[in-house]
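Asks: My structure is below; once you've seen it, I'll send some questions.
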Amino acid sequence: MSYESLLEVTDLINEYVACIDDDDLERWPDFFTEQCIYRVIPRENADAGLPVAVMYCDSRGMLQDRIVALRNANIYAPHFYRHLVSNTRIVGESGDEIKAQTNYAVFQTLLDGETKVYNVGKYEDTIVRVDGKLRFKEKLCIFDTYRIQTLMVTPI
Amino acid sequence: MDARVTGGMDLNWPEPGVCDAVPYGVFNEREVYDREMERIYQGPTWNFLGLAVEVPNAGDYKSTFIGDIPVVMTRDDDGNIYAWENRCAHRGALVIRDSCGSSDGSHTCVYHQWSFNNKGDLIGVPFRRGLGGNGGMPDDFDMKENPVRKIRTEDYKGAVFGTFDWDMEDVDSYLGGDSVVNGHVKRIFNRPVKVLGHARQYIDSNWKFYAENTKDPYHASLLHLFHMTFGLYRSSQTGGVRLSNDWNSVLFSESGTDDEKAMEEIDDAHLRTFQSDYSLEDMSLLAGRAGEWNDNTTLVILSIMPSLVIQQIQNTLAVRQILPKSESEFELVWTFFGYEDDDEELTNIRLKQINLIGPAGMISMEDGESSVICQQAISRSRNARNVLQMGGRTPEDQDHLVTESTIRGFWKKYRELMAY
């Protein structure tokens, strides 16, 4: 593992969470490859080897559909997210693929101004290079906070 | 009776037998909540504990709740499933402290290591005869008289129910015997199931706002754009509602059966939830597999007294436990399942369609939100009443989906159980 690739992966993850926190969600699918996996998995399922994810997209089109639904279809309380990410580690590199893990905490603020710890977990990412830029081929968000407050509409 | 559980009698109830309105005080008063824990959850009701496949082997256990009372279900060497209140007979500590696991058949409280077998009988008390001639339990202490509080259980087609009322009728009669409601339970539990996973939501709302939601075919076209726009469910479709035991209900519908005139009326109504130009980039989400049950039914919501929902939406299958935590909070626990004989493709269809249901479901998330905004609205409305008159004023079976008939059935039985 090179220091350069760690820097590059960290940069990708920082840009990814900034995109969500800045409500620039229409750009969110661009962080993924065309054929991709995005799964948001309660830790109790991951630990028990059970496959259920609360969000499960297997194409960039499905990621786009999530955002269009969030903007135009779904009913939920308006809110902001703030991701804090840390402890990024590269845990494997083979050929064109980098495997990385990162801890995250998402704070959620509703429009009454109160901020709560909403979702804490880790990313397990498989990253590839497309046209010179790193993209997520697979992103698993395994969350410890498996009792979700009310609902989840904004991606993690 | 305990003074705390006599609350709610002074609420602005309609005349006895009238169930087309209830006073909002029933949703936010601690005294009403305490009375529910006494009269409903520890009364003549069968409470869903889990799926039998969650405790496949002798010694396996799962902890859950009846109302807000912690309970455990375990499987014994005799093959049967037993349940008991998760409260040590000694000094009241939790005996089981994790959500599920396996044991050698003895369950030991960590506090003073009193241990119980799968049936809840006391089998071990450390230092019972004292140490070096000192202490110990009195000679007349009888192990047999100190079990944990036992719960009667029944494994009904793979769904395990428990009750504190040892005089209850069996689960089959409770669900309505040959009723359409019970027919839908049997349709879903027609063969061995396998658990695919869980999800949990904590919702700042009284549990009954959610219970009403699960009995409400009227809202589904008007709150959920995905249902309406993609025709997964519309009030214009072939479908209906059926009741058993008043409180138990099923609502069911068939996609693709929209009545033409009703669709014209929907178009004219300019509803937020009907957007003919809305489409998906990746339609594979809605592809699914038709005819899985050899019928045309694409949506079934069973709402079973007091706190169980069994659902089929497209190819998804789930049970939902509505677990009250206080007069203004409940936890919603989803257990998603398929059948043991599912092929890999069908399992993947079910997993993908969970995008529609659960905490992040593009349909089901909205039910959590609707419960919250009801709770937020009623803080000082104890004697104001809601309006439950869509489709009539009585609980009855109906062959359409423009109704609140099943909500009226719920309140009819609720008043009976609560003696309001």
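Letters A, B, ... go to the chains of the structure tokens in the order shown; residues in each chain start at 1; ligands are counted from 1 in the same order.
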Identify every residue of chain B that has at least one atom within 7 Å of any atom of chain A, counting only C-alpha atoms, and report the result as a PyMOL selection string.

Replies: chain B and resi 196-203+225+280-282+351-352+354-355+358-360+362+365-366+368-369

Asks: Run DSSP on the backbone of this structure and report the residues of region 216-335 of chain B it assigns to strand (DSSP E), as a PyMOL selection string.

Replies: chain B and resi 239-244+248-253+299-304+308-313+316-326+329-335

Asks: Give me the residues near Thr109 (chain A) as a list in words, where near means some atom within 9 Å (using only C-alpha atoms) and where sequence neighbours in that chain fewer than 6 positions away do not count.

Replies: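 These residues fall inside the cut-off: Pro78, His79, Phe80, Tyr81, Arg82, Thr115, Lys116, Val117 and Tyr118 of chain A.
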
Asks: So that I can check the surroundings of Ile69 (chain B), please list as a ChimeraX atom specification every protein, DNA and RNA residue that reaches within 10 Å of it, counting only C-alpha atoms and ignoring chain neighbours fewer than 6 positions away.

Replies: /B:37,41-42,85-87,323-325

Asks: Determine, counting only C-alpha atoms, which protein, DNA and RNA residues have an atom within 7 Å of an atom of His400 (chain B); residues of the same chain fewer than 2 positions away are not included. Present the result as number ranges by chain.

Replies: B: 238-240, 398, 402

Asks: Please, could you write that set of residues out with N, CA and C atoms as a short mmCIF file (atom, residue, chain, number, x, y, z; two decimals), in the first residue's frame?

Replies:
data_model
loop_
_atom_site.label_atom_id
_atom_site.label_comp_id
_atom_site.auth_asym_id
_atom_site.auth_seq_id
_atom_site.Cartn_x
_atom_site.Cartn_y
_atom_site.Cartn_z
N THR B 238 -59.11 -3.79 -7.64
CA THR B 238 -59.87 -4.87 -7.02
C THR B 238 -59.24 -5.20 -5.68
N GLY B 239 -60.05 -5.19 -4.67
CA GLY B 239 -59.52 -5.49 -3.34
C GLY B 239 -60.60 -5.30 -2.32
N GLY B 240 -60.23 -5.37 -1.06
CA GLY B 240 -61.23 -5.19 -0.03
C GLY B 240 -60.64 -5.32 1.35
N GLN B 398 -65.80 -5.16 3.46
CA GLN B 398 -66.16 -4.37 2.28
C GLN B 398 -65.32 -4.81 1.08
N VAL B 402 -61.96 2.13 -0.26
CA VAL B 402 -62.19 3.54 0.06
C VAL B 402 -62.90 3.57 1.41
#

Asks: Near Val181 (chain B), counting only C-alpha atoms, which residues have an atom at most 12 Å away, once you skip same-chain residues fewer than 2 positions from it, shown as a ChimeraX atom specification?

Replies: /B:172-179,183-188,240-252,300-305,310,397,406

Asks: Could those selected residues go to a file with C-alpha atoms, as a PDB file, in the first residue's frame?

Replies:
ATOM      1  CA  ASP B 172     -56.604 -20.512  15.225  1.00  0.00           C
ATOM      2  CA  SER B 173     -59.911 -19.438  16.809  1.00  0.00           C
ATOM      3  CA  TYR B 174     -58.377 -16.122  17.874  1.00  0.00           C
ATOM      4  CA  LEU B 175     -57.462 -15.372  14.250  1.00  0.00           C
ATOM      5  CA  GLY B 176     -60.964 -16.241  13.171  1.00  0.00           C
ATOM      6  CA  GLY B 177     -60.948 -19.982  12.334  1.00  0.00           C
ATOM      7  CA  ASP B 178     -62.282 -20.229   8.784  1.00  0.00           C
ATOM      8  CA  SER B 179     -62.370 -16.441   8.309  1.00  0.00           C
ATOM      9  CA  GLY B 183     -57.081 -17.591   5.346  1.00  0.00           C
ATOM     10  CA  HIS B 184     -54.561 -14.879   4.521  1.00  0.00           C
ATOM     11  CA  VAL B 185     -52.390 -15.894   7.493  1.00  0.00           C
ATOM     12  CA  LYS B 186     -52.414 -19.466   6.203  1.00  0.00           C
ATOM     13  CA  ARG B 187     -51.668 -18.279   2.653  1.00  0.00           C
ATOM     14  CA  ILE B 188     -48.501 -16.502   3.776  1.00  0.00           C
ATOM     15  CA  GLY B 240     -61.230  -5.193  -0.027  1.00  0.00           C
ATOM     16  CA  VAL B 241     -61.142  -5.438   3.717  1.00  0.00           C
ATOM     17  CA  ARG B 242     -62.190  -8.248   6.036  1.00  0.00           C
ATOM     18  CA  LEU B 243     -62.443  -8.414   9.819  1.00  0.00           C
ATOM     19  CA  SER B 244     -62.293 -11.157  12.416  1.00  0.00           C
ATOM     20  CA  ASN B 245     -62.800 -10.701  16.139  1.00  0.00           C
ATOM     21  CA  ASP B 246     -63.348  -6.985  15.216  1.00  0.00           C
ATOM     22  CA  TRP B 247     -59.719  -6.016  15.799  1.00  0.00           C
ATOM     23  CA  ASN B 248     -58.025  -8.447  13.400  1.00  0.00           C
ATOM     24  CA  SER B 249     -58.151  -7.241   9.836  1.00  0.00           C
ATOM     25  CA  VAL B 250     -56.784  -7.831   6.404  1.00  0.00           C
ATOM     26  CA  LEU B 251     -56.650  -5.449   3.488  1.00  0.00           C
ATOM     27  CA  PHE B 252     -55.770  -6.899   0.109  1.00  0.00           C
ATOM     28  CA  VAL B 300     -51.825  -8.120   1.839  1.00  0.00           C
ATOM     29  CA  ILE B 301     -51.658  -6.249   5.120  1.00  0.00           C
ATOM     30  CA  LEU B 302     -52.808  -8.324   8.073  1.00  0.00           C
ATOM     31  CA  SER B 303     -53.164  -6.420  11.317  1.00  0.00           C
ATOM     32  CA  ILE B 304     -53.554  -8.785  14.242  1.00  0.00           C
ATOM     33  CA  MET B 305     -54.608  -7.802  17.756  1.00  0.00           C
ATOM     34  CA  ILE B 310     -48.002  -9.628   8.593  1.00  0.00           C
ATOM     35  CA  ASP B 397     -66.320  -6.389   5.490  1.00  0.00           C
ATOM     36  CA  THR B 406     -61.228  -1.789   9.751  1.00  0.00           C
TER      37      THR B 406
END

Asks: Please provide as a PyMOL selection string all residues within 8 Å of Ser405 (chain B), with the sequence filter that same-chain residues fewer than 5 positions apart are discarded (counting only C-alpha atoms).

Replies: chain B and resi 241+389-398

Asks: Between A:Leu84, A:Glu15, A:Asp96, A:Arg71, which one has atoms that come closest to Gly132 (chain A), using only C-alpha atoms?

Replies: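 Closest to Gly132 (chain A) of all the choices is A:Asp96.
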
Asks: From the set A:Ala100, A:Leu7, A:Lys133, A:His83, which residue has the shortest atom-to-atom contact distance to Cys19 (chain A), counting only C-alpha atoms?

Replies: A:His83

Asks: What residues in region 129-276 of chain B get the DSSP label helix (DSSP H, G or I)? Please answer as a ChimeraX atom specification.

Replies: /B:143-145,171-174,180-188,207-213,217-223,225-229,260-268

Asks: Go ahead and dump the residues you just picked, N, CA and C atoms, as a compact mmCIF listing (two decimals), in the first residue's frame.

Replies:
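As written to disk, result16.txt reads:
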# COMPACT_ATOMS: atom_id res chain seq x y z
N MET B 143 -37.78 -24.79 45.46
CA MET B 143 -37.38 -24.41 44.10
C MET B 143 -38.58 -24.41 43.16
N LYS B 144 -39.47 -25.36 43.35
CA LYS B 144 -40.61 -25.52 42.43
C LYS B 144 -41.56 -24.33 42.47
N GLU B 145 -41.54 -23.62 43.58
CA GLU B 145 -42.47 -22.49 43.72
C GLU B 145 -41.86 -21.16 43.27
N VAL B 171 -54.92 -20.17 19.06
CA VAL B 171 -54.59 -19.09 18.12
C VAL B 171 -55.49 -19.16 16.89
N ASP B 172 -55.77 -20.37 16.42
CA ASP B 172 -56.60 -20.51 15.23
C ASP B 172 -57.97 -19.84 15.42
N SER B 173 -58.61 -20.08 16.54
CA SER B 173 -59.91 -19.44 16.81
C SER B 173 -59.75 -17.94 16.97
N TYR B 174 -58.66 -17.55 17.64
CA TYR B 174 -58.38 -16.12 17.87
C TYR B 174 -58.26 -15.36 16.55
N VAL B 180 -61.73 -15.14 6.38
CA VAL B 180 -60.83 -14.68 5.32
C VAL B 180 -59.51 -14.18 5.93
N VAL B 181 -59.63 -13.52 7.09
CA VAL B 181 -58.42 -13.01 7.76
C VAL B 181 -57.45 -14.17 8.00
N ASN B 182 -57.94 -15.22 8.64
CA ASN B 182 -57.06 -16.34 8.94
C ASN B 182 -56.62 -17.06 7.66
N GLY B 183 -57.46 -17.02 6.64
CA GLY B 183 -57.08 -17.59 5.35
C GLY B 183 -55.84 -16.92 4.80
N HIS B 184 -55.75 -15.60 4.99
CA HIS B 184 -54.56 -14.88 4.52
C HIS B 184 -53.32 -15.20 5.37
N VAL B 185 -53.53 -15.46 6.66
CA VAL B 185 -52.39 -15.89 7.49
C VAL B 185 -51.87 -17.23 6.97
N LYS B 186 -52.81 -18.13 6.68
CA LYS B 186 -52.41 -19.47 6.20
C LYS B 186 -51.77 -19.39 4.82
N ARG B 187 -52.25 -18.45 3.99
CA ARG B 187 -51.67 -18.28 2.65
C ARG B 187 -50.19 -17.89 2.76
N ILE B 188 -49.89 -16.95 3.65
CA ILE B 188 -48.50 -16.50 3.78
C ILE B 188 -47.64 -17.57 4.46
N TRP B 207 -48.33 4.02 19.94
CA TRP B 207 -48.38 2.82 19.10
C TRP B 207 -49.69 2.70 18.31
N LYS B 208 -50.75 3.30 18.81
CA LYS B 208 -52.04 3.12 18.15
C LYS B 208 -52.17 3.97 16.88
N PHE B 209 -51.39 5.06 16.78
CA PHE B 209 -51.40 5.79 15.51
C PHE B 209 -50.86 4.89 14.40
N TYR B 210 -49.86 4.09 14.73
CA TYR B 210 -49.33 3.17 13.72
C TYR B 210 -50.30 2.00 13.48
N ALA B 211 -50.92 1.51 14.56
CA ALA B 211 -51.89 0.43 14.40
C ALA B 211 -53.02 0.87 13.46
N GLU B 212 -53.50 2.09 13.64
CA GLU B 212 -54.54 2.62 12.75
C GLU B 212 -54.05 2.64 11.30
N ASN B 213 -52.80 3.07 11.13
CA ASN B 213 -52.22 3.18 9.78
C ASN B 213 -52.24 1.83 9.06
N PRO B 217 -56.80 1.40 4.40
CA PRO B 217 -56.58 1.37 2.95
C PRO B 217 -56.78 2.74 2.29
N TYR B 218 -57.46 3.64 3.00
CA TYR B 218 -57.76 4.99 2.46
C TYR B 218 -56.47 5.78 2.24
N HIS B 219 -55.53 5.73 3.22
CA HIS B 219 -54.35 6.57 3.13
C HIS B 219 -53.37 6.13 2.04
N ALA B 220 -53.42 4.84 1.70
CA ALA B 220 -52.31 4.27 0.93
C ALA B 220 -52.17 4.90 -0.46
N SER B 221 -53.27 5.35 -1.03
CA SER B 221 -53.21 6.04 -2.33
C SER B 221 -52.83 7.50 -2.18
N LEU B 222 -53.02 8.03 -0.99
CA LEU B 222 -52.95 9.48 -0.81
C LEU B 222 -51.67 9.93 -0.13
N LEU B 223 -51.03 9.02 0.60
CA LEU B 223 -49.75 9.33 1.23
C LEU B 223 -48.59 8.82 0.38
N LEU B 225 -46.76 7.97 -2.85
CA LEU B 225 -46.67 8.19 -4.30
C LEU B 225 -46.29 6.90 -5.05
N PHE B 226 -45.40 6.12 -4.46
CA PHE B 226 -44.96 4.90 -5.14
C PHE B 226 -46.12 3.95 -5.38
N HIS B 227 -46.98 3.81 -4.38
CA HIS B 227 -48.17 2.96 -4.54
C HIS B 227 -49.02 3.45 -5.70
N MET B 228 -49.31 4.73 -5.66
CA MET B 228 -50.31 5.31 -6.56
C MET B 228 -49.76 5.43 -7.98
N THR B 229 -48.56 6.01 -8.09
CA THR B 229 -48.02 6.29 -9.42
C THR B 229 -47.69 5.00 -10.17
N GLU B 260 -61.80 1.59 -14.63
CA GLU B 260 -61.54 2.67 -15.58
C GLU B 260 -62.14 4.00 -15.13
N LYS B 261 -63.37 3.94 -14.66
CA LYS B 261 -64.04 5.17 -14.24
C LYS B 261 -63.34 5.76 -13.00
N ALA B 262 -62.96 4.87 -12.09
CA ALA B 262 -62.26 5.33 -10.88
C ALA B 262 -60.92 5.98 -11.26
N MET B 263 -60.25 5.42 -12.27
CA MET B 263 -58.98 6.01 -12.71
C MET B 263 -59.19 7.40 -13.30
N GLU B 264 -60.27 7.58 -14.05
CA GLU B 264 -60.59 8.92 -14.57
C GLU B 264 -60.81 9.92 -13.44
N GLU B 265 -61.50 9.45 -12.40
CA GLU B 265 -61.75 10.34 -11.26
C GLU B 265 -60.45 10.68 -10.53
N ILE B 266 -59.54 9.68 -10.46
CA ILE B 266 -58.23 9.93 -9.85
C ILE B 266 -57.47 10.98 -10.65
N ASP B 267 -57.51 10.85 -11.99
CA ASP B 267 -56.82 11.78 -12.87
C ASP B 267 -57.36 13.20 -12.66
N ASP B 268 -58.67 13.32 -12.56
CA ASP B 268 -59.32 14.62 -12.39
C ASP B 268 -59.01 15.26 -11.04

Asks: Figure out the distance between CA of Asp258 (chain B) and CA of Leu271 (chain B), please, to one decimal in Å.

Replies: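 Pair CA of Leu271 (chain B) / CA of Asp258 (chain B) returns 16.3 Å.
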
Asks: Calculate how many Å separate CA of Gly92 (chain A) from CA of Arg27 (chain A), rounding to one decimal.

Replies: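 Calculated distance between CA of Gly92 (chain A) and CA of Arg27 (chain A) is 27.3 Å.
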
Asks: Expressed in Å to a single decimal, how great is the separation between CA of Pro14 (chain B) and CA of Ala419 (chain B)?

Replies: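 Value for the CA of Pro14 (chain B)-CA of Ala419 (chain B) distance: 13.4 Å.
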